[in-house]
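This is data-v1.cif. It holds mmCIF, C-alpha atoms; chains and numbers go by the auth columns.
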data_upload
loop_
_atom_site.group_PDB
_atom_site.id
_atom_site.type_symbol
_atom_site.label_atom_id
_atom_site.label_comp_id
_atom_site.label_asym_id
_atom_site.label_seq_id
_atom_site.Cartn_x
_atom_site.Cartn_y
_atom_site.Cartn_z
_atom_site.B_iso_or_equiv
_atom_site.auth_seq_id
_atom_site.auth_asym_id
ATOM 1 C CA MET A 1 10.198 -6.249 8.706 0.00 1 A
ATOM 2 C CA LYS A 2 10.569 -8.735 5.874 0.00 2 A
ATOM 3 C CA THR A 3 9.943 -7.627 2.286 0.00 3 A
ATOM 4 C CA LEU A 4 9.341 -9.357 -1.043 0.00 4 A
ATOM 5 C CA PHE A 5 8.506 -8.276 -4.569 0.00 5 A
ATOM 6 C CA ILE A 6 6.468 -11.110 -6.107 0.00 6 A
ATOM 7 C CA GLU A 7 7.435 -11.721 -9.721 0.00 7 A
ATOM 8 C CA ARG A 8 4.175 -13.287 -10.914 0.00 8 A
ATOM 9 C CA GLU A 9 1.038 -11.287 -11.556 0.00 9 A
ATOM 10 C CA ILE A 10 -1.703 -11.551 -8.929 0.00 10 A
ATOM 11 C CA LYS A 11 -5.207 -10.172 -9.288 0.00 11 A
ATOM 12 C CA TYR A 12 -6.054 -8.301 -6.093 0.00 12 A
ATOM 13 C CA THR A 13 -9.638 -9.044 -5.062 0.00 13 A
ATOM 14 C CA GLY A 14 -9.590 -8.132 -1.376 0.00 14 A
ATOM 15 C CA GLU A 15 -9.360 -11.800 -0.389 0.00 15 A
ATOM 16 C CA GLN A 16 -5.590 -11.344 0.030 0.00 16 A
ATOM 17 C CA LEU A 17 -6.209 -8.971 2.932 0.00 17 A
ATOM 18 C CA ALA A 18 -6.357 -11.872 5.360 0.00 18 A
ATOM 19 C CA PRO A 19 -4.294 -13.134 8.297 0.00 19 A
ATOM 20 C CA HIS A 20 -1.286 -15.231 7.305 0.00 20 A
ATOM 21 C CA TRP A 21 -1.872 -14.729 3.552 0.00 21 A
ATOM 22 C CA ILE A 22 1.802 -13.783 3.154 0.00 22 A
ATOM 23 C CA TYR A 23 2.978 -16.765 5.219 0.00 23 A
ATOM 24 C CA LYS A 24 0.683 -19.290 3.511 0.00 24 A
ATOM 25 C CA ASN A 25 1.577 -18.148 -0.008 0.00 25 A
ATOM 26 C CA PHE A 26 5.215 -17.055 0.268 0.00 26 A
ATOM 27 C CA ASN A 27 6.514 -18.786 3.414 0.00 27 A
ATOM 28 C CA ILE A 28 7.353 -15.486 5.112 0.00 28 A
ATOM 29 C CA MET A 29 6.508 -15.656 8.801 0.00 29 A
ATOM 30 C CA GLY A 30 6.113 -12.591 11.006 0.00 30 A
ATOM 31 C CA ASN A 31 5.839 -8.907 10.210 0.00 31 A
ATOM 32 C CA ALA A 32 6.158 -8.508 6.459 0.00 32 A
ATOM 33 C CA ILE A 33 5.220 -6.443 3.433 0.00 33 A
ATOM 34 C CA VAL A 34 4.973 -7.840 -0.085 0.00 34 A
ATOM 35 C CA SER A 35 4.303 -6.200 -3.426 0.00 35 A
ATOM 36 C CA PHE A 36 2.939 -7.471 -6.727 0.00 36 A
ATOM 37 C CA ILE A 37 1.450 -6.282 -10.002 0.00 37 A
ATOM 38 C CA GLY A 38 -1.900 -7.283 -11.406 0.00 38 A
ATOM 39 C CA GLU A 39 -5.480 -6.337 -12.065 0.00 39 A
ATOM 40 C CA CYS A 40 -7.441 -5.038 -9.066 0.00 40 A
ATOM 41 C CA GLU A 41 -11.137 -5.774 -8.714 0.00 41 A
ATOM 42 C CA VAL A 42 -12.694 -5.576 -5.263 0.00 42 A
ATOM 43 C CA ASN A 43 -16.444 -6.045 -5.263 0.00 43 A
ATOM 44 C CA LEU A 44 -18.601 -5.035 -2.342 0.00 44 A
ATOM 45 C CA SER A 45 -18.626 -8.523 -0.789 0.00 45 A
ATOM 46 C CA HIS A 46 -14.844 -8.316 -0.161 0.00 46 A
ATOM 47 C CA MET A 47 -14.760 -4.609 0.661 0.00 47 A
ATOM 48 C CA VAL A 48 -13.274 -3.769 4.073 0.00 48 A
ATOM 49 C CA ASP A 49 -13.988 -0.030 3.916 0.00 49 A
ATOM 50 C CA ILE A 50 -17.554 0.264 5.188 0.00 50 A
ATOM 51 C CA GLU A 51 -17.867 3.788 3.756 0.00 51 A
ATOM 52 C CA ASP A 52 -17.207 2.387 0.258 0.00 52 A
ATOM 53 C CA VAL A 53 -19.831 -0.322 0.836 0.00 53 A
ATOM 54 C CA ILE A 54 -22.432 2.222 1.987 0.00 54 A
ATOM 55 C CA ASN A 55 -21.635 4.404 -1.048 0.00 55 A
ATOM 56 C CA ASN A 56 -21.696 1.369 -3.388 0.00 56 A
ATOM 57 C CA GLU A 57 -18.145 2.101 -4.613 0.00 57 A
ATOM 58 C CA PRO A 58 -16.326 -1.051 -5.733 0.00 58 A
ATOM 59 C CA ILE A 59 -12.656 -0.730 -6.705 0.00 59 A
ATOM 60 C CA TYR A 60 -11.228 -1.499 -10.138 0.00 60 A
ATOM 61 C CA SER A 61 -7.900 -0.960 -11.855 0.00 61 A
ATOM 62 C CA LYS A 62 -6.833 -2.624 -15.090 0.00 62 A
ATOM 63 C CA LYS A 63 -3.306 -2.884 -13.685 0.00 63 A
ATOM 64 C CA MET A 64 -2.195 -2.005 -10.170 0.00 64 A
ATOM 65 C CA LEU A 65 0.945 -2.152 -8.055 0.00 65 A
ATOM 66 C CA SER A 66 -0.284 -3.601 -4.752 0.00 66 A
ATOM 67 C CA PHE A 67 1.331 -3.817 -1.331 0.00 67 A
ATOM 68 C CA ILE A 68 0.066 -6.105 1.435 0.00 68 A
ATOM 69 C CA GLU A 69 1.478 -5.693 4.925 0.00 69 A
ATOM 70 C CA GLU A 70 0.825 -7.813 8.002 0.00 70 A
ATOM 71 C CA ASN A 71 1.892 -6.877 11.543 0.00 71 A
ATOM 72 C CA PHE A 72 1.542 -9.063 14.615 0.00 72 A
ATOM 73 C CA ASN A 73 2.426 -6.523 17.297 0.00 73 A
ATOM 74 C CA SER A 74 0.559 -3.362 16.300 0.00 74 A
ATOM 75 C CA THR A 75 -2.774 -1.896 17.269 0.00 75 A
ATOM 76 C CA LEU A 76 -5.125 -0.792 14.516 0.00 76 A
ATOM 77 C CA GLU A 77 -4.287 2.849 15.226 0.00 77 A
ATOM 78 C CA GLU A 78 -0.532 2.131 14.981 0.00 78 A
ATOM 79 C CA THR A 79 -1.193 0.341 11.710 0.00 79 A
ATOM 80 C CA VAL A 80 -3.012 3.384 10.351 0.00 80 A
ATOM 81 C CA TYR A 81 0.122 5.405 11.212 0.00 81 A
ATOM 82 C CA LYS A 82 2.199 2.842 9.280 0.00 82 A
ATOM 83 C CA GLN A 83 -0.241 3.086 6.379 0.00 83 A
ATOM 84 C CA ARG A 84 0.155 6.876 6.307 0.00 84 A
ATOM 85 C CA LEU A 85 3.951 6.480 6.509 0.00 85 A
ATOM 86 C CA LEU A 86 3.883 4.134 3.485 0.00 86 A
ATOM 87 C CA VAL A 87 1.754 6.624 1.540 0.00 87 A
ATOM 88 C CA THR A 88 4.063 9.526 2.483 0.00 88 A
ATOM 89 C CA ILE A 89 7.212 7.625 1.453 0.00 89 A
ATOM 90 C CA THR A 90 5.493 6.784 -1.852 0.00 90 A
ATOM 91 C CA LYS A 91 4.740 10.466 -2.454 0.00 91 A
ATOM 92 C CA GLU A 92 8.365 11.399 -1.715 0.00 92 A
ATOM 93 C CA LEU A 93 9.659 8.699 -4.052 0.00 93 A
ATOM 94 C CA ILE A 94 7.380 9.819 -6.894 0.00 94 A
ATOM 95 C CA GLU A 95 8.480 13.428 -6.359 0.00 95 A
ATOM 96 C CA LYS A 96 12.126 12.326 -6.464 0.00 96 A
ATOM 97 C CA ASN A 97 11.594 10.434 -9.719 0.00 97 A
ATOM 98 C CA CYS A 98 9.420 13.099 -11.348 0.00 98 A
ATOM 99 C CA PRO A 99 9.970 16.525 -9.717 0.00 99 A
ATOM 100 C CA SER A 100 7.459 18.244 -11.999 0.00 100 A
ATOM 101 C CA VAL A 101 4.528 16.040 -10.926 0.00 101 A
ATOM 102 C CA ASN A 102 1.649 17.731 -9.084 0.00 102 A
ATOM 103 C CA ILE A 103 1.065 15.073 -6.403 0.00 103 A
ATOM 104 C CA ILE A 104 -0.775 15.642 -3.148 0.00 104 A
ATOM 105 C CA ARG A 105 -1.666 13.424 -0.198 0.00 105 A
ATOM 106 C CA LYS A 106 -5.079 13.564 1.430 0.00 106 A
ATOM 107 C CA GLY A 107 -5.061 11.185 4.363 0.00 107 A
ATOM 108 C CA ASP A 108 -4.194 7.755 2.992 0.00 108 A
ATOM 109 C CA ASP A 109 -4.810 8.691 -0.666 0.00 109 A
ATOM 110 C CA LEU A 110 -2.537 10.158 -3.333 0.00 110 A
ATOM 111 C CA PHE A 111 -3.745 12.364 -6.180 0.00 111 A
ATOM 112 C CA ILE A 112 -1.974 13.605 -9.301 0.00 112 A
ATOM 113 C CA ASP A 113 -3.640 16.629 -10.893 0.00 113 A
ATOM 114 C CA ASN A 114 -6.722 15.945 -8.732 0.00 114 A
ATOM 115 C CA LYS A 115 -7.038 12.406 -10.159 0.00 115 A
ATOM 116 C CA LYS A 116 -6.885 9.500 -7.698 0.00 116 A
ATOM 117 C CA LEU A 117 -3.652 7.496 -7.918 0.00 117 A
ATOM 118 C CA SER A 118 -4.082 5.146 -4.967 0.00 118 A
ATOM 119 C CA VAL A 119 -6.378 3.030 -2.860 0.00 119 A
ATOM 120 C CA SER A 120 -5.566 2.072 0.696 0.00 120 A
ATOM 121 C CA ILE A 121 -7.066 0.429 3.751 0.00 121 A
ATOM 122 C CA ALA A 122 -5.848 -0.678 7.158 0.00 122 A
ATOM 123 C CA THR A 123 -7.769 -3.252 9.164 0.00 123 A
ATOM 124 C CA LYS A 124 -7.489 -5.717 12.007 0.00 124 A
ATOM 125 C CA SER A 125 -7.808 -9.490 11.928 0.00 125 A
ATOM 126 C CA ILE A 126 -8.110 -11.882 14.829 0.00 126 A
ATOM 127 C CA THR A 127 -4.300 -12.327 14.933 0.00 127 A
ATOM 128 C CA SER A 128 -2.788 -9.274 13.242 0.00 128 A
ATOM 129 C CA THR A 129 -3.280 -5.935 11.549 0.00 129 A
ATOM 130 C CA LEU A 130 -3.238 -5.603 7.781 0.00 130 A
ATOM 131 C CA ILE A 131 -2.699 -2.953 5.126 0.00 131 A
ATOM 132 C CA HIS A 132 -3.476 -2.945 1.419 0.00 132 A
ATOM 133 C CA PHE A 133 -2.017 -0.079 -0.576 0.00 133 A
ATOM 134 C CA GLY A 134 -2.457 0.038 -4.342 0.00 134 A
ATOM 135 C CA LEU A 135 -1.193 2.384 -7.032 0.00 135 A
ATOM 136 C CA ASN A 136 -2.740 2.452 -10.501 0.00 136 A
ATOM 137 C CA ILE A 137 -0.362 1.457 -13.268 0.00 137 A
ATOM 138 C CA ASP A 138 -3.075 1.658 -15.935 0.00 138 A
ATOM 139 C CA SER A 139 -6.156 3.659 -14.939 0.00 139 A
ATOM 140 C CA THR A 140 -8.213 2.714 -18.007 0.00 140 A
ATOM 141 C CA ASP A 141 -11.825 1.894 -17.036 0.00 141 A
ATOM 142 C CA ALA A 142 -11.367 2.972 -13.399 0.00 142 A
ATOM 143 C CA PRO A 143 -14.725 3.848 -11.815 0.00 143 A
ATOM 144 C CA VAL A 144 -13.365 7.209 -10.595 0.00 144 A
ATOM 145 C CA ASN A 145 -11.299 9.971 -12.192 0.00 145 A
ATOM 146 C CA ALA A 146 -7.910 8.247 -11.807 0.00 146 A
ATOM 147 C CA SER A 147 -4.243 8.841 -12.537 0.00 147 A
ATOM 148 C CA ASP A 148 -1.520 6.232 -12.922 0.00 148 A
ATOM 149 C CA LEU A 149 2.160 5.606 -12.326 0.00 149 A
ATOM 150 C CA LYS A 150 3.129 5.195 -16.000 0.00 150 A
ATOM 151 C CA LYS A 151 1.359 8.101 -17.662 0.00 151 A
ATOM 152 C CA ASP A 152 1.001 10.665 -14.885 0.00 152 A
ATOM 153 C CA ALA A 153 3.967 9.950 -12.589 0.00 153 A
ATOM 154 C CA GLN A 154 6.270 8.892 -15.452 0.00 154 A
ATOM 155 C CA ILE A 155 7.421 5.760 -13.609 0.00 155 A
ATOM 156 C CA ASN A 156 8.467 3.308 -16.318 0.00 156 A
ATOM 157 C CA ASP A 157 10.186 0.576 -14.308 0.00 157 A
ATOM 158 C CA ILE A 158 7.385 -0.421 -11.945 0.00 158 A
ATOM 159 C CA LYS A 159 9.294 -3.354 -10.429 0.00 159 A
ATOM 160 C CA GLN A 160 12.292 -1.170 -9.589 0.00 160 A
ATOM 161 C CA PHE A 161 9.981 1.471 -8.114 0.00 161 A
ATOM 162 C CA ALA A 162 8.265 -1.188 -5.959 0.00 162 A
ATOM 163 C CA ILE A 163 11.567 -2.595 -4.694 0.00 163 A
ATOM 164 C CA GLU A 164 12.877 0.884 -3.860 0.00 164 A
ATOM 165 C CA LEU A 165 9.658 1.658 -2.006 0.00 165 A
ATOM 166 C CA LEU A 166 9.795 -1.634 -0.075 0.00 166 A
ATOM 167 C CA ASN A 167 13.401 -0.912 0.933 0.00 167 A
ATOM 168 C CA LYS A 168 12.735 2.695 1.999 0.00 168 A
ATOM 169 C CA TYR A 169 9.696 1.635 4.021 0.00 169 A
ATOM 170 C CA LYS A 170 11.642 -1.183 5.702 0.00 170 A
ATOM 171 C CA GLU A 171 14.516 1.186 6.560 0.00 171 A
ATOM 172 C CA GLU A 172 12.125 3.771 8.003 0.00 172 A
ATOM 173 C CA THR A 173 10.156 1.311 10.140 0.00 173 A
ATOM 174 C CA GLU A 174 13.335 -0.324 11.434 0.00 174 A
ATOM 175 C CA ASP A 175 14.829 3.094 12.203 0.00 175 A
ATOM 176 C CA ILE A 176 11.682 4.018 14.153 0.00 176 A
ATOM 177 C CA SER A 177 11.991 0.821 16.201 0.00 177 A
ATOM 178 C CA LEU A 178 15.672 1.552 16.870 0.00 178 A
ATOM 179 C CA ALA A 179 14.932 5.157 17.845 0.00 179 A
ATOM 180 C CA ALA A 180 12.502 3.890 20.480 0.00 180 A
ATOM 181 C CA THR A 181 15.256 1.813 22.114 0.00 181 A
ATOM 182 C CA LYS A 182 18.017 4.433 22.401 0.00 182 A
ATOM 183 C CA VAL A 183 16.466 6.810 24.867 0.00 183 A
ATOM 184 C CA ARG A 184 16.326 6.576 28.631 0.00 184 A
ATOM 185 C CA GLY A 185 13.088 6.944 30.503 0.00 185 A
ATOM 186 C CA VAL A 186 12.400 10.080 32.507 0.00 186 A
ATOM 187 C CA ILE A 187 10.666 10.432 35.836 0.00 187 A
#
So that I can check it, write out the structure of this file as C-alpha cells.
Amino acid sequence: MKTLFIEREIKYTGEQLAPHWIYKNFNIMGNAIVSFIGECEVNLSHMVDIEDVINNEPIYSKKMLSFIEENFNSTLEETVYKQRLLVTITKELIEKNCPSVNIIRKGDDLFIDNKKLSVSIATKSITSTLIHFGLNIDSTDAPVNASDLKKDAQINDIKQFAIELLNKYKEETEDISLAATKVRGVI
C-alpha cells in the first residue's frame, strides 16, 4: 500500500472517486491511499451513495481532510471492510490525541457529541475498488449537525494527523496481508 499526503489544497467534488485518479494525478501506480485538505462539495450528480441521492442530501464542508484509496485486488465487500478499518483507526487516533472526546462510530461514520464528523463511501469501478473518507476540519455551513477536527476533536496539526493516520492504516493493512501468509492450511 502506497501512501501520500498531498501538500496543495484540492476541492473534493466526488469526481476524484474515479479509477486511476491517484495514478494520473500523482504518478502512484497500484494500491494506494492519498490524503489532502480542501473544501468538499459533492452535488447529487456526482453522488455515489444512492441513499443520499434519493434523500436529496448533497455533501458540503467548508474545509475537509479527505482520503482517497484505490485497490486493484479487492472485492467491493473487502473494500467496505477496509473502509471500516480506516474509520476505526481514525477513531482510535482521535481518542489517543484527545482522551476526553465523546466519539462514537456508527458503521462507516464518526460522531462527536452526536454531531457528524465524517463522510465515507466505498464503491467499485470497472478496474478497481475505491474509498473516499472525509473528516470535517471546519463544519461551518454544513447541511447537517456536524462536528470538526479542530474544534471538537482538538486536532490542531491536521497534516501531522493525516500522515499518522496514513502510516497506521498502511501498517495495519500490510500486517493483515502478512498474517494471511504465515499460517498453514488445514484439511
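When the PyMOL selection byres ((chain A and resi 33) around 7) is evaluated against the file, it yields Lys2, Thr3, Leu4, Ala32, Val34, Ser35, Phe67, Ile68, Glu69 and Glu70 of chain A.
Proximity ranking of A:Asn27, A:Asn97, A:Asn43, A:Gln83 relative to His132 (chain A) places A:Gln83 first, based on only C-alpha atoms.
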- Evaluating the PyMOL selection byres ((chain A and resi 5-9) around 12) on the displayed file yields which residues, as a ChimeraX atom specification? /A:2-4,10-12,22,25-26,32-40,63-68,158-167
- Message: Restricting the calculation to all atoms listed in the file: of A:Ser61, A:Glu171, A:Gly107, A:Arg84, which residue gets closest to Ser147 (chain A)?
- Response: A:Ser61
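Distances to Asp138 (chain A) were evaluated for A:Ser177, A:Asn102, A:Ser125, A:Asn156 using all atoms listed in the file, and the minimum falls at A:Asn156.
CA of Thr79 (chain A) lies 27.3 Å from CA of Ser139 (chain A).
Using all atoms listed in the file, the nearest neighbour of Glu78 (chain A) within the list A:Gly185, A:Ser128, A:Ile112, A:Ser120 is A:Ser128.
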- Message: Under the PyMOL selection byres ((chain A and resi 113) around 9), which residues of this model are included? Write them out as an NGL selection string.
- Response: :A and (101-104 or 111-112 or 114-116 or 147 or 152)
Selection to disk with C-alpha atoms, as a CSV table (one decimal), keeping the file's coordinate frame:
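File written: part.csv
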chain,number,residue,atom,x,y,z
A,101,VAL,CA,4.5,16.0,-10.9
A,102,ASN,CA,1.6,17.7,-9.1
A,103,ILE,CA,1.1,15.1,-6.4
A,104,ILE,CA,-0.8,15.6,-3.1
A,111,PHE,CA,-3.7,12.4,-6.2
A,112,ILE,CA,-2.0,13.6,-9.3
A,114,ASN,CA,-6.7,15.9,-8.7
A,115,LYS,CA,-7.0,12.4,-10.2
A,116,LYS,CA,-6.9,9.5,-7.7
A,147,SER,CA,-4.2,8.8,-12.5
A,152,ASP,CA,1.0,10.7,-14.9
- Note on the structure: Using only C-alpha atoms, the residue out of A:Val80, A:Leu85, A:Met29, A:Ile94 with shortest distance to Lys170 (chain A) is A:Leu85
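Our summary of the geometry notes that CA of Lys82 (chain A) is positioned 19.3 Å from CA of Gly14 (chain A).
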- Interatomic distance, CA of Pro19 (chain A) to CA of Thr127 (chain A) (Å, one decimal): 6.7 Å
Assuming 4 Å of padding per side, give the centre and edge lengths of the axis-aligned box around every listed atom of region 131-137 of chain A, in Å to one decimal and as lines of an AutoDock Vina configuration file.
center_x = -1.9
center_y = -0.3
center_z = -4.1
size_x = 11.1
size_y = 13.4
size_z = 26.4
Could you write region 103-131 of chain A as a compact mmCIF listing (two decimals), in the frame of the given file, with N, CA and C atoms rebuilt where they are missing?
# COMPACT_ATOMS: atom_id res chain seq x y z
N ILE A 103 1.62 16.15 -7.23
CA ILE A 103 1.06 15.07 -6.40
C ILE A 103 0.76 15.60 -5.00
N ILE A 104 -0.42 15.25 -4.51
CA ILE A 104 -0.78 15.64 -3.15
C ILE A 104 -1.29 14.42 -2.39
N ARG A 105 -1.15 14.47 -1.08
CA ARG A 105 -1.67 13.42 -0.20
C ARG A 105 -2.83 13.99 0.58
N LYS A 106 -3.93 13.25 0.57
CA LYS A 106 -5.08 13.56 1.43
C LYS A 106 -5.33 12.32 2.25
N GLY A 107 -4.91 12.35 3.51
CA GLY A 107 -5.06 11.18 4.36
C GLY A 107 -4.24 10.03 3.84
N ASP A 108 -4.91 8.92 3.51
CA ASP A 108 -4.19 7.76 2.99
C ASP A 108 -4.30 7.62 1.48
N ASP A 109 -4.68 8.70 0.80
CA ASP A 109 -4.81 8.69 -0.67
C ASP A 109 -3.84 9.66 -1.31
N LEU A 110 -3.39 9.30 -2.52
CA LEU A 110 -2.54 10.16 -3.33
C LEU A 110 -3.30 10.58 -4.58
N PHE A 111 -3.10 11.83 -4.99
CA PHE A 111 -3.74 12.36 -6.18
C PHE A 111 -2.70 13.06 -7.04
N ILE A 112 -2.79 12.86 -8.34
CA ILE A 112 -1.97 13.60 -9.30
C ILE A 112 -2.95 14.42 -10.15
N ASP A 113 -2.75 15.72 -10.16
CA ASP A 113 -3.64 16.63 -10.89
C ASP A 113 -5.11 16.37 -10.54
N ASN A 114 -5.37 16.19 -9.26
CA ASN A 114 -6.72 15.94 -8.73
C ASN A 114 -7.36 14.64 -9.21
N LYS A 115 -6.55 13.73 -9.75
CA LYS A 115 -7.04 12.41 -10.16
C LYS A 115 -6.45 11.38 -9.19
N LYS A 116 -7.27 10.45 -8.75
CA LYS A 116 -6.88 9.50 -7.70
C LYS A 116 -5.87 8.49 -8.22
N LEU A 117 -4.72 8.43 -7.56
CA LEU A 117 -3.65 7.50 -7.92
C LEU A 117 -3.73 6.20 -7.12
N SER A 118 -4.23 6.28 -5.89
CA SER A 118 -4.08 5.15 -4.97
C SER A 118 -5.39 4.73 -4.32
N VAL A 119 -5.36 3.52 -3.79
CA VAL A 119 -6.38 3.03 -2.86
C VAL A 119 -5.63 2.48 -1.66
N SER A 120 -6.26 2.56 -0.49
CA SER A 120 -5.57 2.07 0.70
C SER A 120 -6.56 1.79 1.80
N ILE A 121 -6.25 0.78 2.60
CA ILE A 121 -7.07 0.43 3.75
C ILE A 121 -6.18 -0.24 4.80
N ALA A 122 -6.48 0.03 6.04
CA ALA A 122 -5.85 -0.68 7.16
C ALA A 122 -6.97 -1.32 7.95
N THR A 123 -6.74 -2.54 8.42
CA THR A 123 -7.77 -3.25 9.16
C THR A 123 -7.12 -4.18 10.18
N LYS A 124 -7.96 -4.82 10.96
CA LYS A 124 -7.49 -5.72 12.01
C LYS A 124 -8.12 -7.09 11.79
N SER A 125 -7.30 -8.12 11.95
CA SER A 125 -7.81 -9.49 11.93
C SER A 125 -7.77 -10.03 13.35
N ILE A 126 -8.12 -11.26 13.51
CA ILE A 126 -8.11 -11.88 14.83
C ILE A 126 -6.69 -12.04 15.38
N THR A 127 -5.67 -12.10 14.48
CA THR A 127 -4.30 -12.33 14.93
C THR A 127 -3.33 -11.20 14.59
N SER A 128 -3.75 -10.26 13.75
CA SER A 128 -2.79 -9.27 13.24
C SER A 128 -3.52 -8.03 12.74
N THR A 129 -2.73 -7.07 12.28
CA THR A 129 -3.28 -5.94 11.55
C THR A 129 -2.75 -6.01 10.13
N LEU A 130 -3.52 -5.45 9.21
CA LEU A 130 -3.24 -5.60 7.78
C LEU A 130 -3.40 -4.28 7.04
N ILE A 131 -2.61 -4.12 6.01
CA ILE A 131 -2.70 -2.95 5.13
C ILE A 131 -2.73 -3.45 3.69
